[in-house]
Amino acid sequence: MTENDAPFLRLDAIVKRYPGTPAPAVDGISVDIQRGEFVSLLGPSGSGKTTTLLMIAGFELPSEGRILLEGRDIVGLPPHRRNFGMVFQNYALFPHMTVAQNVAYPLELRKIPTAEVRATVGRYLEMVGLSGLAGRRPTELSGGQQQRVALARALVFSPPVVLMDEPLGALDKNLREQLQVEIKELQKSLGITLIYVTHDQSEAMTMSDRIAVFNHGRIDQIAPPDRIYRRPATRFVGEFVGDSNMIEGRAIAGEIGLADSPLGRITCTDGTSVLTSGQPVLVMIRPELVRLSNRPTPQNGARLVVSRTTNYGDRVLVEGIGPNDTPLRLRVSAREAEDCRPGSQIDVAWDPEDVHVLPRSA
Amino acid sequence: MFNGSGTLSRTLAVLVALFILIPMLLVAVMSFGQGSSLRFPPQSFTLDSYAAYFKSSSWTIPTLNSFVIGAFSAILALAITTPAAFAFTLYDFRGKRLIRLLVMMPLMVPFIVMALAYFFFFGRIGLLNTMAGVIIAHACLSIPIVFLIQSASLKGFDWTLVRASQACGAGAFTTFRRICLPILRPSFLVAGLFAFITSFDETVVALFISGRAASTLPRRMFESVRQESDPIVAVVSTLLFGVVAAVALIVAARQRRAARPANR
Ligand SMILES: Nc1ncnc2c1ncn2[C@@H]1O[C@H](COP(=O)(O)OP(=O)(O)OP(=O)(O)O)[C@@H](O)[C@H]1O
Ligand SMILES: [Mg+2]
């Protein structure tokens, strides 16, 4: 492979074992990241996201594997020679420096002339909306403002790759959503390659070009958000990202895209390749794609006895029990939910296009 | 008891302060007395003894010695303890608890025992009755307090700042110089000040090993009280007390300013 068609950043079979721990924290990860791409590392606590990020940054050494930037192995480079920007969850601003001095620090280290430093710092402070606060100390700023300073400090030297570890984890919901939009816009307009650790799935969904879903030190799936959501590769991904109904079924011999399940026959249009005869499968249907129906349907539908409803304001979650004691969840509007009192019978249906099938072993 | 008005606790505080201050005040009053011996209450008030103190080289030289020994032993203690405090905070290694115990040793061993040990040991290696000997001994004595203060400030230090600095492009040395040092400097200075004070008022070891050549102020005062009962002792005590009180007030004022939110 020549350098030109090498991916921008490649993690090649990375393994990390911390001394004294039985299981590896990162267990054989391979990812190719394109220039200008926004990739989220999403997964539950302890799944190895931070460890992976720290290895890319150079703060931890992989036990095995290579990290290639434009085809060059950078594992041997210390963090300060990698030229990557980094944003931490706790902001990590230098308390003895003003906002402007914090942002100027990476430029001073690169021996940029003072006048240019001042101009660049001004430009980046304006970009993150902090022009008026250049002379303040970090302790005199709110959490959101502090993280904007950290953002400016990580971007100011135009690093080829920027790494963020749950940068919005310490902020309240409104501020978080506001900063999500700002980070995404900065990333797009500056063409930054951004690797973003989060355990907040909606954050990963709204911001990323691709999401890597971590599970016990491995990546179960790396794909664009809609694909992760609609076509999860494993049961873990389907259950971790969004709400789901997982129904255990069995592929029917000699039929294409047809599975037997406790809820009756289910047809699907996607993932039919996993449906070989007799194979145990997992059928996934998202609750918001199940709808109320005014008559019973022989296929792709069921009659439920409502066991519980939960009002989330915008939608109501209805939990019911179908044939063979199979639980099924659906989300409906508040008006539709009026017909779904606990104990009542309802008919529900779904479209074959919205059904996703997995091999049961996955 | 601990009510909002705090009248009782305030009264108690004042009583304790008086209890500590009164002997000092007695000495201060005596320092203005007339005549060649210490007496209380003095018959009349003069500044004669103050003049005598500043004129007598048998007093000014030990004073200077004490400042020099205090300063150098503080620097030496900081130089030894700083790497140790970093190592103890950052790393786990074999024998860590044992070494910590050794570092704390001077706090537990009676000074008279240390003094005897230094007396025989320094006699052998030619450091007896030298400034260098007193500096080394005092540095050792102040290591525990310096180590404790530095360890506490390192424990409170946010180590992600080091990573943040490296991610900005700074190597280990630049990070230490531009991030760690400025943030840790105030508490390291306090540690150094404690080392200085430890040395400055240490008497037992100084009596054993400082000799005439390196006589410190406490040693000179001790001799004076035993031999001459000279009112200059009261002068020195008063001056020392004045200096310490001034330093304490400055530190307190700075802390109050630091605690106040900065002006926008
Ligand atoms: N320095 C370390 N020494 C030993 N084990 C570690 C160390 N750092 C992390 N681990 C372990 O490695 C595993 C992965 O940790 P990591 O911090 O990468 O998880 P994470 O996905 O970032 O989780 P979180 O969402 O909680 O931040 C965990 O089991 C953790 O206990
Ligand atoms: Mg983490």
# chains A, B, ... in the order shown; residues from 1 in each chain; ligands from 1
>>> closest_atom_pairs(of="chain A", to="ligand 1", cutoff="9 Å", atoms="only C-alpha atoms and all ligand atoms", output="CSV")
residue,atom,partner,partner_atom_place_in_ligand_line,distance
A:Lys16,CA,ligand 1,12 (O),8.5
A:Arg17,CA,ligand 1,5 (N),7.9
A:Tyr18,CA,ligand 1,4 (C),4.8
A:Pro19,CA,ligand 1,4 (C),6.6
A:Gly20,CA,ligand 1,4 (C),7.2
A:Thr21,CA,ligand 1,5 (N),6.3
A:Ala23,CA,ligand 1,29 (O),8.0
A:Pro24,CA,ligand 1,12 (O),7.2
A:Ala25,CA,ligand 1,12 (O),4.1
A:Val26,CA,ligand 1,14 (C),7.0
A:Leu41,CA,ligand 1,21 (O),8.5
A:Leu42,CA,ligand 1,21 (O),8.0
A:Gly43,CA,ligand 1,21 (O),6.3
A:Pro44,CA,ligand 1,25 (O),5.6
A:Ser45,CA,ligand 1,25 (O),3.5
A:Gly46,CA,ligand 1,19 (O),3.4
A:Ser47,CA,ligand 1,21 (O),3.9
A:Gly48,CA,ligand 1,18 (O),3.2
A:Lys49,CA,ligand 1,21 (O),3.7
A:Thr50,CA,ligand 1,22 (O),3.5
A:Thr51,CA,ligand 1,18 (O),3.6
A:Thr52,CA,ligand 1,18 (O),6.4
A:Leu53,CA,ligand 1,18 (O),8.0
A:Leu54,CA,ligand 1,18 (O),8.3
A:Glu60,CA,ligand 1,1 (N),8.7
A:Asp165,CA,ligand 1,22 (O),8.0
A:Glu166,CA,ligand 1,27 (O),8.0
A:Val197,CA,ligand 1,22 (O),7.7
A:Thr198,CA,ligand 1,25 (O),7.1
A:His199,CA,ligand 1,25 (O),5.9
A:Phe214,CA,ligand 1,21 (O),7.6
A:Asn215,CA,ligand 1,21 (O),8.7
A:His216,CA,ligand 1,14 (C),7.9
A:Gly217,CA,ligand 1,14 (C),7.0
>>> interface_residues(of="chain A", to="chain B", cutoff="6 Å", atoms="only C-alpha atoms", output="PyMOL selection string")
chain A and resi 80+92+106
>>> write_last_selection(atoms="C-alpha atoms", output="PDB file, in the first residue's frame")
ATOM      1  CA  HIS A  80       3.957  16.268  22.900  1.00  0.00           C
ATOM      2  CA  ALA A  92      -7.786  20.946  32.685  1.00  0.00           C
ATOM      3  CA  PRO A 106       0.436  25.786  22.432  1.00  0.00           C
TER       4      PRO A 106
END
>>> closest_residue(among="A:Cys268, A:Val318, A:Ala134, A:Leu163", to="Gly58 (chain A)", atoms="only C-alpha atoms")
A:Leu163
>>> residues_around(residues="Gly35 (chain B)", least_positions_apart="6", cutoff="12 Å", atoms="only C-alpha atoms", output="MDAnalysis selection string")
chainID B and resid 42:49 52 229:232
>>> select_by_dssp(residues="region 96-214 of chain A", states="alpha helix (DSSP H)", output="PyMOL selection string")
chain A and resi 99-109+114-127+143-155+173-190+201-207
>>> residues_around(residues="region 179-181 of chain A", least_positions_apart="2", cutoff="10 Å", atoms="only C-alpha atoms", output="list in words")
Val128, Gly144, Gln147, Arg148, Pro167, Leu168, Leu171, Lys173, Asn174, Leu175, Arg176, Glu177, Ile183, Lys184, Glu185, Leu186, Gln187, Glu203, Ala204, Thr206 and Met207 of chain A
>>> write_last_selection(atoms="N, CA, C and O atoms", output="compact mmCIF listing (two decimals), in the first residue's frame")
# COMPACT_ATOMS: atom_id res chain seq x y z
N VAL A 128 -15.06 30.68 19.65
CA VAL A 128 -15.78 29.98 20.72
C VAL A 128 -16.61 30.96 21.55
O VAL A 128 -17.14 30.59 22.60
N GLY A 144 -19.30 25.91 31.30
CA GLY A 144 -19.42 25.97 29.84
C GLY A 144 -18.35 26.86 29.23
O GLY A 144 -17.74 26.52 28.21
N GLN A 147 -15.00 25.11 29.31
CA GLN A 147 -14.82 24.10 28.28
C GLN A 147 -14.63 24.75 26.92
O GLN A 147 -13.94 24.20 26.06
N ARG A 148 -15.18 25.94 26.71
CA ARG A 148 -14.93 26.65 25.45
C ARG A 148 -13.46 27.07 25.36
O ARG A 148 -12.86 27.02 24.28
N PRO A 167 -16.11 15.49 26.81
CA PRO A 167 -15.86 16.90 27.12
C PRO A 167 -17.07 17.60 27.73
O PRO A 167 -16.92 18.61 28.39
N LEU A 168 -18.26 17.06 27.50
CA LEU A 168 -19.46 17.75 27.99
C LEU A 168 -20.07 17.04 29.18
O LEU A 168 -21.15 17.40 29.64
N LEU A 171 -21.41 19.05 32.22
CA LEU A 171 -22.29 20.21 32.00
C LEU A 171 -23.76 19.79 32.05
O LEU A 171 -24.10 18.63 31.83
N LYS A 173 -27.83 19.73 30.90
CA LYS A 173 -28.35 19.25 29.63
C LYS A 173 -28.43 20.34 28.56
O LYS A 173 -27.97 20.13 27.43
N ASN A 174 -28.95 21.51 28.91
CA ASN A 174 -29.11 22.56 27.91
C ASN A 174 -27.76 23.01 27.35
O ASN A 174 -27.59 23.14 26.14
N LEU A 175 -26.83 23.24 28.26
CA LEU A 175 -25.51 23.68 27.86
C LEU A 175 -24.84 22.62 27.00
O LEU A 175 -24.15 22.92 26.02
N ARG A 176 -25.07 21.37 27.38
CA ARG A 176 -24.46 20.25 26.65
C ARG A 176 -24.95 20.26 25.21
O ARG A 176 -24.16 20.16 24.27
N GLU A 177 -26.27 20.43 25.04
CA GLU A 177 -26.81 20.40 23.69
C GLU A 177 -26.31 21.58 22.86
O GLU A 177 -26.00 21.45 21.68
N ILE A 183 -19.52 22.44 18.79
CA ILE A 183 -18.36 21.58 18.48
C ILE A 183 -18.51 21.00 17.08
O ILE A 183 -17.57 21.00 16.28
N LYS A 184 -19.72 20.53 16.79
CA LYS A 184 -19.96 19.93 15.46
C LYS A 184 -19.69 20.96 14.35
O LYS A 184 -19.06 20.66 13.34
N GLU A 185 -20.16 22.20 14.57
CA GLU A 185 -19.97 23.22 13.54
C GLU A 185 -18.50 23.59 13.38
O GLU A 185 -18.01 23.73 12.26
N LEU A 186 -17.80 23.72 14.52
CA LEU A 186 -16.37 24.00 14.44
C LEU A 186 -15.64 22.89 13.70
O LEU A 186 -14.80 23.14 12.84
N GLN A 187 -15.98 21.67 14.05
CA GLN A 187 -15.32 20.52 13.43
C GLN A 187 -15.53 20.53 11.92
O GLN A 187 -14.59 20.32 11.15
N GLU A 203 -25.77 11.97 22.17
CA GLU A 203 -24.67 12.84 21.77
C GLU A 203 -23.93 12.23 20.57
O GLU A 203 -23.67 12.90 19.58
N ALA A 204 -23.63 10.95 20.68
CA ALA A 204 -22.94 10.26 19.58
C ALA A 204 -23.79 10.30 18.32
O ALA A 204 -23.30 10.54 17.22
N THR A 206 -26.15 12.49 17.36
CA THR A 206 -26.35 13.77 16.69
C THR A 206 -25.07 14.32 16.10
O THR A 206 -25.11 15.09 15.15
N MET A 207 -23.92 13.95 16.64
CA MET A 207 -22.69 14.62 16.22
C MET A 207 -21.86 13.85 15.20
O MET A 207 -21.16 14.45 14.39
>>> closest_residue(among="B:Thr130, B:Ile69, B:Thr238, B:Arg100", to="Leu21 (chain B)", atoms="only C-alpha atoms")
B:Thr238
>>> closest_residue(among="A:Ile228, A:Ile285, A:Met164, A:Ile67", to="ligand 2", atoms="only C-alpha atoms and all ligand atoms")
A:Met164
>>> atom_distance(atom1="CA of Gly242 (chain B)", atom2="CA of Ile136 (chain B)")
27.8 Å
>>> closest_residue(among="B:Met30, B:Leu25, B:Ala137, B:Ala51", to="Phe241 (chain B)", atoms="only C-alpha atoms")
B:Leu25
>>> select_by_dssp(residues="region 35-156 of chain A", states="strand (DSSP E or B)", output="PyMOL selection string")
chain A and resi 38-42+64-69+72-73+85-87
>>> atom_distance(atom1="CA of Ala150 (chain A)", atom2="CA of Asn90 (chain A)")
9.6 Å
>>> residues_around(residues="region 280-283 of chain A", least_positions_apart="4", cutoff="12 Å", atoms="only C-alpha atoms", output="NGL selection string")
:A and (231-236 or 238-239 or 244-253 or 257-268 or 270-276 or 300 or 328 or 352 or 354-362)
>>> residues_around(residues="Pro225 (chain A)", least_positions_apart="5", cutoff="8 Å", atoms="only C-alpha atoms", output="list of chain:residue names")
A:Ala204, A:Met205, A:Thr206, A:Ser208, A:Asp209, A:Arg210, A:Ile211
